[in-house]
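A.B. asks: start_30.tsv is reproduced in full below (TSV, C-alpha atoms and all ligand atoms).
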chain	number	residue	atom	x	y	z
A	1210	MET	CA	47.09	38.08	185.15
A	1211	LEU	CA	44.14	37.09	183.00
A	1212	THR	CA	41.89	39.72	181.48
A	1213	THR	CA	38.17	39.64	182.17
A	1214	GLY	CA	37.77	38.87	178.46
A	1215	ALA	CA	39.95	35.76	178.71
A	1216	VAL	CA	37.98	34.49	181.69
A	1217	ALA	CA	34.70	35.16	179.88
A	1218	ALA	CA	36.03	33.30	176.82
A	1219	ALA	CA	36.95	30.36	179.01
A	1220	ARG	CA	33.48	30.36	180.59
A	1221	ALA	CA	31.89	30.48	177.14
A	1222	ALA	CA	34.12	27.55	176.09
A	1223	GLN	CA	32.94	25.59	179.09
A	1224	ASN	CA	29.36	26.01	177.90
A	1225	ALA	CA	29.93	25.51	174.13
A	1226	ALA	CA	28.39	22.49	172.41
A	1227	PRO	CA	31.07	19.81	172.00
A	1228	LYS	CA	31.30	16.88	169.56
A	1229	ASN	CA	33.08	13.55	169.48
A	1230	ILE	CA	36.83	14.10	169.52
A	1231	VAL	CA	39.78	11.93	170.49
A	1232	ILE	CA	43.42	12.99	170.74
A	1233	SER	CA	46.50	10.98	171.68
A	1234	SER	CA	50.24	10.71	171.47
A	1235	ALA	CA	51.62	10.09	167.97
A	1236	ASN	CA	51.60	6.30	168.39
A	1237	GLY	CA	47.80	6.37	168.70
A	1238	LEU	CA	46.54	6.37	165.11
A	1239	ILE	CA	44.70	3.07	165.53
A	1240	ALA	CA	43.83	3.78	169.15
A	1241	CYS	CA	42.10	7.06	168.25
A	1242	ALA	CA	40.26	5.41	165.37
A	1243	ARG	CA	39.02	2.60	167.64
A	1244	ALA	CA	38.01	5.06	170.36
A	1245	MET	CA	36.15	7.18	167.81
A	1246	GLN	CA	34.34	4.12	166.47
A	1247	MET	CA	33.13	3.45	170.01
A	1248	LEU	CA	32.13	7.06	170.65
A	1249	ASN	CA	30.18	7.11	167.38
A	1250	ALA	CA	28.38	3.97	168.58
A	1251	GLY	CA	27.43	5.79	171.80
A	1252	HIS	CA	29.84	4.12	174.22
A	1253	ASP	CA	31.15	5.79	177.34
A	1254	THR	CA	34.24	7.98	176.84
A	1255	LEU	CA	36.39	5.91	179.22
A	1256	ASP	CA	35.37	2.60	177.63
A	1257	ALA	CA	36.30	4.16	174.28
A	1258	VAL	CA	39.80	5.36	175.17
A	1259	VAL	CA	40.65	2.17	177.08
A	1260	ALA	CA	39.56	0.02	174.13
A	1261	GLY	CA	41.70	2.25	171.91
A	1262	VAL	CA	44.89	1.96	173.95
A	1263	ASN	CA	44.34	-1.79	174.49
A	1264	MET	CA	45.19	-2.20	170.80
A	1265	VAL	CA	48.57	-0.57	171.40
A	1266	GLU	CA	49.16	-2.42	174.69
A	1267	GLU	CA	48.61	-5.73	172.88
A	1268	ASP	CA	50.76	-4.77	169.87
A	1269	PRO	CA	54.20	-6.44	170.20
A	1270	ASN	CA	55.65	-3.90	167.76
A	1271	ASP	CA	55.05	-0.89	170.02
A	1272	THR	CA	58.05	-1.27	172.32
A	1273	SER	CA	56.96	1.51	174.68
A	1274	VAL	CA	53.62	0.14	175.88
A	1275	GLY	CA	52.26	-3.16	177.22
A	1276	TYR	CA	53.27	-6.45	175.56
A	1277	GLY	CA	56.66	-6.02	173.86
A	1278	GLY	CA	57.49	-2.92	175.94
A	1279	LEU	CA	61.20	-2.59	176.75
A	1280	PRO	CA	61.98	-4.08	180.17
A	1281	ASN	CA	63.76	-2.87	183.31
A	1282	GLU	CA	67.49	-3.42	183.89
A	1283	GLU	CA	66.78	-7.03	184.97
A	1284	GLY	CA	64.89	-7.85	181.78
A	1285	VAL	CA	61.44	-7.71	183.39
A	1286	VAL	CA	58.68	-5.63	181.83
A	1287	GLU	CA	57.00	-3.37	184.43
A	1288	LEU	CA	53.98	-1.39	183.31
A	1289	ASP	CA	52.27	1.78	184.60
A	1290	ALA	CA	48.77	3.00	183.71
A	1291	SER	CA	46.08	5.40	184.87
A	1292	VAL	CA	42.50	6.25	183.95
A	1293	MET	CA	40.13	9.10	184.82
A	1294	HIS	CA	36.41	9.18	184.17
A	1295	GLY	CA	35.06	12.73	183.93
A	1296	PRO	CA	31.33	12.15	184.53
A	1297	THR	CA	31.85	10.28	187.81
A	1298	ARG	CA	35.04	12.20	188.67
A	1299	ARG	CA	36.79	8.96	189.56
A	1300	ALA	CA	40.33	7.72	188.97
A	1301	GLY	CA	42.32	4.48	189.09
A	1302	SER	CA	45.90	3.49	188.48
A	1303	VAL	CA	48.49	0.74	188.67
A	1304	ALA	CA	52.25	1.05	188.78
A	1305	SER	CA	55.11	-1.40	188.27
A	1306	ILE	CA	52.71	-4.19	187.41
A	1307	ARG	CA	54.27	-7.27	185.79
A	1308	ASN	CA	52.91	-10.02	183.52
A	1309	ILE	CA	49.64	-8.35	182.50
A	1310	LYS	CA	49.35	-7.13	178.90
A	1311	THR	CA	46.65	-4.50	179.48
A	1312	PRO	CA	47.40	-2.47	182.64
A	1313	SER	CA	44.87	0.20	181.61
A	1314	LYS	CA	42.09	-2.35	182.11
A	1315	VAL	CA	43.44	-3.16	185.57
A	1316	ALA	CA	43.58	0.57	186.42
A	1317	LYS	CA	39.95	0.89	185.37
A	1318	LEU	CA	38.99	-1.99	187.68
A	1319	VAL	CA	40.92	-0.39	190.55
A	1320	MET	CA	38.69	2.64	189.94
A	1321	GLU	CA	35.47	0.67	189.61
A	1322	GLN	CA	35.86	-2.17	192.08
A	1323	THR	CA	37.98	-0.92	194.96
A	1324	ASP	CA	37.95	1.82	197.53
A	1325	HIS	CA	41.49	2.77	196.44
A	1326	ILE	CA	42.96	4.74	193.58
A	1327	MET	CA	46.42	3.25	193.10
A	1328	LEU	CA	47.84	-0.26	193.41
A	1329	VAL	CA	51.51	-1.04	192.82
A	1330	GLY	CA	53.83	-3.96	192.15
A	1331	ASP	CA	52.90	-7.32	193.57
A	1332	GLY	CA	49.66	-5.97	195.05
A	1333	ALA	CA	48.57	-4.74	191.63
A	1334	LEU	CA	49.40	-8.12	190.08
A	1335	ARG	CA	47.50	-10.00	192.78
A	1336	PHE	CA	44.50	-7.73	192.25
A	1337	ALA	CA	44.67	-8.38	188.48
A	1338	ARG	CA	44.87	-12.13	189.11
A	1339	ALA	CA	41.84	-11.91	191.40
A	1340	CYS	CA	39.97	-10.13	188.61
A	1341	GLY	CA	40.73	-13.01	186.25
A	1342	PHE	CA	43.55	-11.52	184.19
A	1343	LYS	CA	45.90	-14.04	182.59
A	1344	GLU	CA	49.59	-13.77	183.46
A	1345	GLU	CA	51.92	-13.74	180.46
A	1346	ASP	CA	55.59	-13.19	179.69
A	1347	LEU	CA	55.59	-9.67	178.25
A	1348	LEU	CA	59.05	-9.93	176.69
A	1349	THR	CA	59.08	-10.57	172.95
A	1350	VAL	CA	62.00	-11.91	170.92
A	1351	LYS	CA	62.67	-8.32	169.83
A	1352	SER	CA	62.50	-6.69	173.28
A	1353	ARG	CA	64.62	-9.48	174.82
A	1354	LEU	CA	67.24	-8.93	172.14
A	1355	ALA	CA	67.26	-5.17	172.79
A	1356	TRP	CA	67.75	-5.83	176.51
A	1357	LEU	CA	70.66	-8.23	175.88
A	1358	VAL	CA	72.26	-5.73	173.50
A	1359	TRP	CA	71.91	-3.05	176.20
A	1360	LYS	CA	73.60	-5.32	178.76
A	1361	ARG	CA	76.44	-5.90	176.33
A	1362	SER	CA	76.79	-2.17	175.69
A	1363	LEU	CA	77.70	-1.44	179.34
A	1364	ARG	CA	81.41	-1.11	180.14
A	1365	ASP	CA	83.54	-0.80	183.26
A	1366	ALA	CA	86.47	1.65	183.41
A	1367	SER	CA	88.70	-0.84	181.57
A	1368	GLY	CA	86.14	-1.34	178.85
A	1369	ASN	CA	85.12	-4.82	180.05
A	1370	ASN	CA	81.63	-6.27	180.29
A	1371	ASN	CA	80.59	-9.55	181.92
A	1372	TRP	CA	78.09	-10.26	179.16
A	1373	THR	CA	80.57	-10.32	176.27
A	1374	ASP	CA	83.29	-12.84	175.35
A	1375	GLY	CA	85.68	-13.63	178.19
A	1376	LEU	CA	89.28	-12.41	178.01
A	1377	ASP	CA	90.24	-16.04	177.25
A	1378	ALA	CA	87.96	-16.30	174.20
A	1379	PRO	CA	89.52	-16.77	170.74
A	1380	VAL	CA	90.23	-13.48	169.02
A	1381	PRO	CA	87.11	-12.76	166.98
A	1382	LYS	CA	87.17	-12.60	163.22
A	1383	LYS	CA	86.54	-9.20	161.73
A	1384	THR	CA	82.76	-9.34	161.97
A	1385	SER	CA	80.56	-7.01	163.90
A	1386	GLY	CA	80.44	-8.01	167.58
A	1387	LEU	CA	76.68	-7.89	167.65
A	1388	ARG	CA	76.26	-9.96	164.51
A	1389	ARG	CA	78.47	-12.65	166.08
A	1390	LEU	CA	76.51	-12.64	169.32
A	1391	PHE	CA	73.08	-12.65	167.69
A	1392	PRO	CA	73.48	-14.62	164.46
A	1393	ASP	CA	69.74	-15.08	163.97
A	1394	ALA	CA	68.75	-11.41	164.19
A	1395	ASP	CA	68.32	-9.39	161.01
A	1396	ASP	CA	70.39	-6.23	160.42
A	1397	GLU	CA	67.48	-3.88	160.91
A	1398	THR	CA	66.59	-5.35	164.32
A	1399	LEU	CA	70.23	-5.24	165.43
A	1400	ALA	CA	70.59	-1.60	164.38
A	1401	TRP	CA	67.37	-0.74	166.24
A	1402	ALA	CA	68.50	-2.65	169.35
A	1403	TRP	CA	71.80	-0.77	169.36
A	1404	GLN	CA	69.99	2.57	169.20
A	1405	MET	CA	67.75	1.49	172.10
A	1406	ALA	CA	70.85	0.52	174.10
A	1407	VAL	CA	72.77	3.74	173.63
A	1408	ARG	CA	69.75	6.04	173.88
A	1409	PRO	CA	67.32	4.42	176.32
A	1410	PRO	CA	63.97	5.46	174.97
A	1411	THR	CA	60.79	6.48	176.69
A	1412	GLY	CA	57.38	6.08	175.08
A	1413	THR	CA	53.79	5.81	176.18
A	1414	ILE	CA	50.28	6.31	174.92
A	1415	ASN	CA	48.01	8.97	176.35
A	1416	CYS	CA	44.48	9.19	174.92
A	1417	LEU	CA	41.76	11.74	175.77
A	1418	ALA	CA	38.14	11.81	174.58
A	1419	LEU	CA	35.14	14.11	174.57
A	1420	ASN	CA	31.59	13.31	173.45
A	1421	PRO	CA	28.64	15.51	172.40
A	1422	LYS	CA	27.24	15.40	175.94
A	1423	GLY	CA	30.44	17.12	177.05
A	1424	GLU	CA	31.63	14.02	178.90
A	1425	MET	CA	35.39	13.49	179.01
A	1426	SER	CA	37.78	10.72	179.99
A	1427	GLY	CA	41.45	9.89	179.66
A	1428	VAL	CA	43.98	7.07	179.93
A	1429	THR	CA	47.76	6.85	179.98
A	1430	THR	CA	49.63	3.54	179.72
A	1431	THR	CA	53.33	2.73	179.34
A	1432	SER	CA	56.24	0.39	179.90
A	1433	GLY	CA	58.09	3.47	181.12
A	1434	LEU	CA	61.77	4.20	180.74
A	1435	ALA	CA	63.74	1.36	179.16
A	1436	TRP	CA	66.36	-0.29	181.41
A	1437	LYS	CA	65.00	1.49	184.51
A	1438	ILE	CA	65.82	0.39	188.04
A	1439	PRO	CA	63.18	-2.19	189.04
A	1440	GLY	CA	60.36	-0.40	190.83
A	1441	ARG	CA	60.91	2.94	189.07
A	1442	VAL	CA	57.55	4.59	188.51
A	1443	GLY	CA	57.17	7.40	185.98
A	1444	ASP	CA	54.49	10.01	185.58
A	1445	SER	CA	51.96	7.89	183.67
A	1446	PRO	CA	50.18	6.33	186.67
A	1447	ILE	CA	50.37	9.50	188.78
A	1448	ILE	CA	47.01	11.24	188.74
A	1449	GLY	CA	47.79	14.91	188.11
A	1450	ALA	CA	51.07	14.23	186.30
A	1451	GLY	CA	50.61	11.74	183.45
A	1452	LEU	CA	46.85	12.28	183.35
A	1453	TYR	CA	44.21	14.61	184.69
A	1454	VAL	CA	40.54	15.10	183.80
A	1455	ASP	CA	38.18	17.67	185.27
A	1456	GLN	CA	34.70	17.31	183.87
A	1457	ASP	CA	34.08	21.06	184.29
A	1458	VAL	CA	37.16	22.15	182.36
A	1459	GLY	CA	39.05	19.61	180.26
A	1460	ALA	CA	41.66	16.89	180.21
A	1461	ALA	CA	45.43	16.64	179.81
A	1462	GLY	CA	48.06	13.92	179.58
A	1463	SER	CA	51.73	13.48	178.85
A	1464	THR	CA	54.42	11.35	177.27
A	1465	GLY	CA	58.17	11.73	177.51
A	1466	ARG	CA	60.51	11.99	180.48
A	1467	GLY	CA	58.22	11.35	183.41
A	1468	GLU	CA	60.61	12.58	186.06
A	1469	GLU	CA	60.31	16.13	184.69
A	1470	ASN	CA	56.53	15.93	184.47
A	1471	ILE	CA	56.12	14.77	188.08
A	1472	ARG	CA	58.09	17.81	189.26
A	1473	VAL	CA	55.54	20.19	187.71
A	1474	ALA	CA	52.38	18.06	188.18
A	1475	GLY	CA	51.98	18.64	184.45
A	1476	ALA	CA	48.49	17.39	183.56
A	1477	HIS	CA	46.87	18.99	186.60
A	1478	SER	CA	48.70	22.26	186.01
A	1479	ILE	CA	47.47	22.36	182.42
A	1480	VAL	CA	43.86	21.75	183.43
A	1481	GLU	CA	44.17	24.48	186.07
A	1482	ASN	CA	45.59	26.85	183.44
A	1483	MET	CA	42.60	26.12	181.20
A	1484	ARG	CA	40.24	26.64	184.13
A	1485	HIS	CA	41.67	30.12	184.52
A	1486	GLY	CA	41.13	30.98	180.88
A	1487	MET	CA	44.18	29.81	178.93
A	1488	SER	CA	43.81	28.06	175.58
A	1489	PRO	CA	44.99	24.41	175.50
A	1490	THR	CA	48.15	25.53	173.68
A	1491	ASP	CA	49.03	28.31	176.13
A	1492	ALA	CA	48.18	26.07	179.08
A	1493	GLY	CA	50.63	23.44	177.82
A	1494	LEU	CA	53.38	25.88	176.88
A	1495	ASP	CA	53.21	27.42	180.33
A	1496	VAL	CA	53.96	24.04	181.90
A	1497	LEU	CA	56.78	23.37	179.44
A	1498	LYS	CA	58.27	26.72	180.51
A	1499	ARG	CA	58.18	25.56	184.14
A	1500	ILE	CA	60.10	22.44	183.10
A	1501	ALA	CA	62.65	24.52	181.21
A	1502	ARG	CA	62.94	26.78	184.28
A	1503	ASN	CA	63.81	23.72	186.40
A	1504	PHE	CA	66.92	23.45	184.20
A	1505	ASP	CA	67.67	27.19	184.37
A	1506	ASN	CA	66.58	27.28	180.71
A	1507	ASP	CA	69.89	25.62	179.83
A	1508	ARG	CA	69.33	24.32	176.30
A	1509	GLU	CA	72.23	21.86	176.48
A	1510	ARG	CA	70.69	20.10	179.48
A	1511	LEU	CA	67.17	20.35	178.05
A	1512	ARG	CA	68.40	18.81	174.80
A	1513	LYS	CA	68.94	15.53	176.64
A	1514	PHE	CA	65.23	14.74	176.90
A	1515	ASP	CA	61.82	15.47	175.45
A	1516	ILE	CA	58.36	15.76	176.88
A	1517	LYS	CA	54.96	16.32	175.30
A	1518	PHE	CA	51.58	17.34	176.65
A	1519	TYR	CA	48.16	16.79	175.12
A	1520	ALA	CA	45.23	18.96	176.18
A	1521	LEU	CA	41.54	18.76	175.30
A	1522	ARG	CA	39.15	21.43	176.55
A	1523	LYS	CA	35.51	20.78	177.28
A	1524	ASP	CA	34.43	22.75	174.19
A	1525	GLY	CA	36.56	20.55	171.89
A	1526	ALA	CA	39.54	22.92	171.54
A	1527	TYR	CA	42.72	20.83	171.73
A	1528	ALA	CA	46.50	21.03	171.47
A	1529	GLY	CA	49.70	19.01	171.49
A	1530	VAL	CA	52.75	20.83	172.81
A	1531	SER	CA	56.31	19.59	173.06
A	1532	LEU	CA	59.63	20.77	174.40
A	1533	TRP	CA	61.25	19.89	171.07
A	1534	LYS	CA	59.72	19.11	167.70
A	1535	GLY	CA	56.96	16.48	167.81
A	1536	ARG	CA	53.59	15.32	166.58
A	1537	PHE	CA	50.35	14.08	168.08
A	1538	CYS	CA	47.27	12.29	166.86
A	1539	VAL	CA	43.74	13.63	166.35
A	1540	ASN	CA	40.44	12.05	165.33
A	1541	ASP	CA	37.43	14.33	165.11
A	1542	GLY	CA	34.90	11.90	163.78
A	1543	GLY	CA	36.24	9.88	160.88
A	1544	ALA	CA	37.49	6.35	160.39
A	1545	GLN	CA	41.03	7.71	159.92
A	1546	SER	CA	43.04	9.56	162.53
A	1547	ARG	CA	45.62	12.16	161.50
A	1548	LEU	CA	48.91	13.43	162.88
A	1549	GLU	CA	49.32	17.12	163.63
A	1550	ASP	CA	52.46	19.04	164.59
A	1551	CYS	CA	52.86	19.96	168.23
A	1552	VAL	CA	53.48	23.58	169.12
A	1553	THR	CA	57.07	23.48	170.37
A	1554	LEU	CA	58.69	25.51	173.12
A	1555	LEU	CA	62.24	25.13	171.83
A	1556	THR	CA	63.64	24.77	168.31
B	1	LIG	N1	56.35	9.22	180.58
B	1	LIG	C1	56.78	7.85	180.60
B	1	LIG	C2	57.59	7.60	181.82
B	1	LIG	O1	58.37	8.44	182.20
B	1	LIG	C3	57.58	7.43	179.44
B	1	LIG	C4	57.28	8.10	178.14
B	1	LIG	O2	56.24	8.63	177.92
B	1	LIG	O3	58.12	8.11	177.24
B	1	LIG	O4	57.50	6.52	182.34
So, in terms of structure tokens, how does the structure I just supplied come out?
Ligand code: ASP

C.D. replies:
Amino acid sequence: MLTTGAVAAARAAQNAAPKNIVISSANGLIACARAMQMLNAGHDTLDAVVAGVNMVEEDPNDTSVGYGGLPNEEGVVELDASVMHGPTRRAGSVASIRNIKTPSKVAKLVMEQTDHIMLVGDGALRFARACGFKEEDLLTVKSRLAWLVWKRSLRDASGNNNWTDGLDAPVPKKTSGLRRLFPDADDETLAWAWQMAVRPPTGTINCLALNPKGEMSGVTTTSGLAWKIPGRVGDSPIIGAGLYVDQDVGAAGSTGRGEENIRVAGAHSIVENMRHGMSPTDAGLDVLKRIARNFDNDRERLRKFDIKFYALRKDGAYAGVSLWKGRFCVNDGGAQSRLEDCVTLLT
């Protein structure tokens, strides 16, 4: 139960004078800097965050977003993205879209140019094509290698795998199996690919912005869970889970295991918590507690995944919270963004 004081504080926060501020997941140092540059030049908050995350979507070295993102179990990259624009209270999203490097731009066009909010799969791709987007192979040499290593890491009950040497192959010399299979890859890439195979990663960028007029917007974009079943959609394109913006209150977004976020409608729950007077930190921790509760607070089961939330209130107060230890990115006006520690629920 909130005290009258807490509600009054929240109301005061809603009326406080804000300034330019951008926050994001920890992979957003350049995205936040780009978004801030645009805010400082007077651009719209949604244009700013989308331009910021486009840099990460187009970066082949970020293997959790856009071009170079790790593919599904069939080796096809499927991307999810959502946007929300506070001032017009509109939203757009795409899910399981293939062959387009910047799904956040497509989500924004779904918002601006259709009477719908969400397009998926082939329909989303056809819409992107109609809007003039170029189709491209989103696999890079590195992400293809990681996928092939993953396929070779799978074993049946006898320890066999169709993607390794046949039983009739000459007995290998004493070299590492992977080195033999991928002679051109360097050691560092092979070690990374093996880690990706045995611990399928998640990864995403969420970016939220506020300007001095108090306008807010947000975007979330991802290649989702590596090696997923084709068609799997995570939380990122789900309005209310991976992203939520309410111009009267604040914005929230998430990265990490999407399945757990969808079950608590994380971003929407956080914004509702802030509406009822909680600070961004308490609002986020409350939702993490609901996730932990879904696992009966069993630390051994919770240890198998992580999830983070980012919250930005209309007065500029912000927080990053995570189930386990983590960091998030902040830019409150400068050319450089910085990383801050998340407040963690579990240690
Ligand atoms: N939340 C994303 C998903 O589940 C992945 C991530 O953020 O790591 O698709």

A.B. asks: Would you tabulate, counting all atoms listed in the file, all residues of chain A that have an atom at most 10 Å from an atom of ligand LIG 1 (chain B), showing the closest pair of atoms and their distance in Å to one decimal, sorted by chain then ascending number, as CSV?

C.D. replies:
residue,atom,partner,partner_atom,distance
A:Ser1234,CA,B:LIG1,O2,9.1
A:Ser1273,CA,B:LIG1,O3,7.2
A:Val1274,CA,B:LIG1,C3,9.0
A:Leu1288,CA,B:LIG1,O4,8.7
A:Asp1289,CA,B:LIG1,O4,7.4
A:Ala1290,CA,B:LIG1,O4,9.5
A:Ala1304,CA,B:LIG1,O4,9.9
A:Pro1409,CA,B:LIG1,O3,10.0
A:Pro1410,CA,B:LIG1,O3,6.8
A:Thr1411,CA,B:LIG1,O3,3.2
A:Gly1412,CA,B:LIG1,O3,3.1
A:Thr1413,CA,B:LIG1,O2,4.1
A:Ile1414,CA,B:LIG1,O2,7.1
A:Asn1415,CA,B:LIG1,O2,8.4
A:Thr1429,CA,B:LIG1,O2,8.9
A:Thr1430,CA,B:LIG1,C1,8.4
A:Thr1431,CA,B:LIG1,C1,6.3
A:Ser1432,CA,B:LIG1,O4,6.7
A:Gly1433,CA,B:LIG1,O4,3.3
A:Leu1434,CA,B:LIG1,O4,5.1
A:Ala1435,CA,B:LIG1,C3,8.7
A:Lys1437,CA,B:LIG1,O4,9.3
A:Arg1441,CA,B:LIG1,O4,8.4
A:Val1442,CA,B:LIG1,O4,6.5
A:Gly1443,CA,B:LIG1,O4,3.8
A:Asp1444,CA,B:LIG1,O1,5.4
A:Ser1445,CA,B:LIG1,N1,5.5
A:Pro1446,CA,B:LIG1,O4,8.5
A:Ala1450,CA,B:LIG1,N1,9.3
A:Gly1451,CA,B:LIG1,N1,6.9
A:Gly1462,CA,B:LIG1,N1,9.6
A:Ser1463,CA,B:LIG1,N1,6.5
A:Thr1464,CA,B:LIG1,O2,3.3
A:Gly1465,CA,B:LIG1,O3,3.6
A:Arg1466,CA,B:LIG1,O1,4.5
A:Gly1467,CA,B:LIG1,O1,3.2
A:Glu1468,CA,B:LIG1,O1,6.1
A:Glu1469,CA,B:LIG1,O1,8.3
A:Asn1470,CA,B:LIG1,N1,7.8
A:Ile1471,CA,B:LIG1,O1,8.9
A:Phe1514,CA,B:LIG1,O3,9.7
A:Asp1515,CA,B:LIG1,O3,8.4
A:Ile1516,CA,B:LIG1,O2,7.5
A:Lys1517,CA,B:LIG1,O2,8.2
A:Phe1518,CA,B:LIG1,O2,10.0

A.B. asks: Measure the distance from CA of Ser1546 in chain A to CA of Ile1239 in chain A in Å and round it to one decimal.

C.D. replies: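 Going from CA of Ser1546 in chain A over to CA of Ile1239 in chain A, I get 7.3 Å.
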
A.B. asks: Using all atoms listed in the file, what table do you get, as JSON lines, when you list each residue of range 1438-1497 of chain A with an atom no more than 10 Å from range 1503-1510 of chain A, its nearest pair of atoms, and their distance in Å rounded to one decimal, rows by chain then rising number?

C.D. replies:
{"residue": "A:Glu1469", "atom": "CA", "partner": "A:Asn1503", "partner_atom": "CA", "distance": 8.5}
{"residue": "A:Arg1472", "atom": "CA", "partner": "A:Asn1503", "partner_atom": "CA", "distance": 8.7}
{"residue": "A:Val1473", "atom": "CA", "partner": "A:Asn1503", "partner_atom": "CA", "distance": 9.1}
{"residue": "A:Leu1497", "atom": "CA", "partner": "A:Asn1503", "partner_atom": "CA", "distance": 9.9}

A.B. asks: Next, the residues of the selection above should be written as a CSV table (one decimal), in the coordinates of the input with C-alpha atoms.

C.D. replies:
chain,number,residue,atom,x,y,z
A,1469,GLU,CA,60.3,16.1,184.7
A,1472,ARG,CA,58.1,17.8,189.3
A,1473,VAL,CA,55.5,20.2,187.7
A,1497,LEU,CA,56.8,23.4,179.4

A.B. asks: For a cutoff of 8 Å around the file-coordinate point (59.3, 22.5, 176.3), which residues qualify once you count all atoms listed in the file? I'd like the result as a VMD selection string.

C.D. replies: chain A and resid 1494 1496 to 1498 1500 to 1501 1515 to 1517 1530 to 1533 1553 to 1555

A.B. asks: Dump C-alpha atoms for the selected residues as an mmCIF file, in the frame of the given file?

C.D. replies:
data_model
loop_
_atom_site.group_PDB
_atom_site.id
_atom_site.type_symbol
_atom_site.label_atom_id
_atom_site.label_comp_id
_atom_site.auth_asym_id
_atom_site.auth_seq_id
_atom_site.Cartn_x
_atom_site.Cartn_y
_atom_site.Cartn_z
ATOM 1 C CA LEU A 1494 53.380 25.880 176.880
ATOM 2 C CA VAL A 1496 53.960 24.040 181.900
ATOM 3 C CA LEU A 1497 56.780 23.370 179.440
ATOM 4 C CA LYS A 1498 58.270 26.720 180.510
ATOM 5 C CA ILE A 1500 60.100 22.440 183.100
ATOM 6 C CA ALA A 1501 62.650 24.520 181.210
ATOM 7 C CA ASP A 1515 61.820 15.470 175.450
ATOM 8 C CA ILE A 1516 58.360 15.760 176.880
ATOM 9 C CA LYS A 1517 54.960 16.320 175.300
ATOM 10 C CA VAL A 1530 52.750 20.830 172.810
ATOM 11 C CA SER A 1531 56.310 19.590 173.060
ATOM 12 C CA LEU A 1532 59.630 20.770 174.400
ATOM 13 C CA TRP A 1533 61.250 19.890 171.070
ATOM 14 C CA THR A 1553 57.070 23.480 170.370
ATOM 15 C CA LEU A 1554 58.690 25.510 173.120
ATOM 16 C CA LEU A 1555 62.240 25.130 171.830
#

A.B. asks: Please, which residues are within 7 Å of (54.7, 18.7, 162.3) by the file's coordinates, counting only C-alpha atoms, and could they come as JSON, numbers by chain?

C.D. replies: {"A": [1535, 1536, 1549, 1550, 1551]}

A.B. asks: With only C-alpha atoms as the counted atoms, please give the residues lying no more than 8 Å from Trp1356 in chain A, apart from itself and same-chain residues fewer than 4 positions off, as a PyMOL selection string.

C.D. replies: chain A and resi 1279-1280+1282+1284+1352+1360+1402+1406+1436

A.B. asks: Just to confirm, what's the straight-line distance from CA of Ser1291 in chain A to CA of Pro1269 in chain A in Å (one decimal)?

C.D. replies: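 Interatomic distance, CA of Ser1291 in chain A to CA of Pro1269 in chain A: 20.5 Å.
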
A.B. asks: Just how far from CA of Gly1330 in chain A is CA of Tyr1276 in chain A, in Å to one decimal?

C.D. replies: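 So the answer is 16.8 Å.
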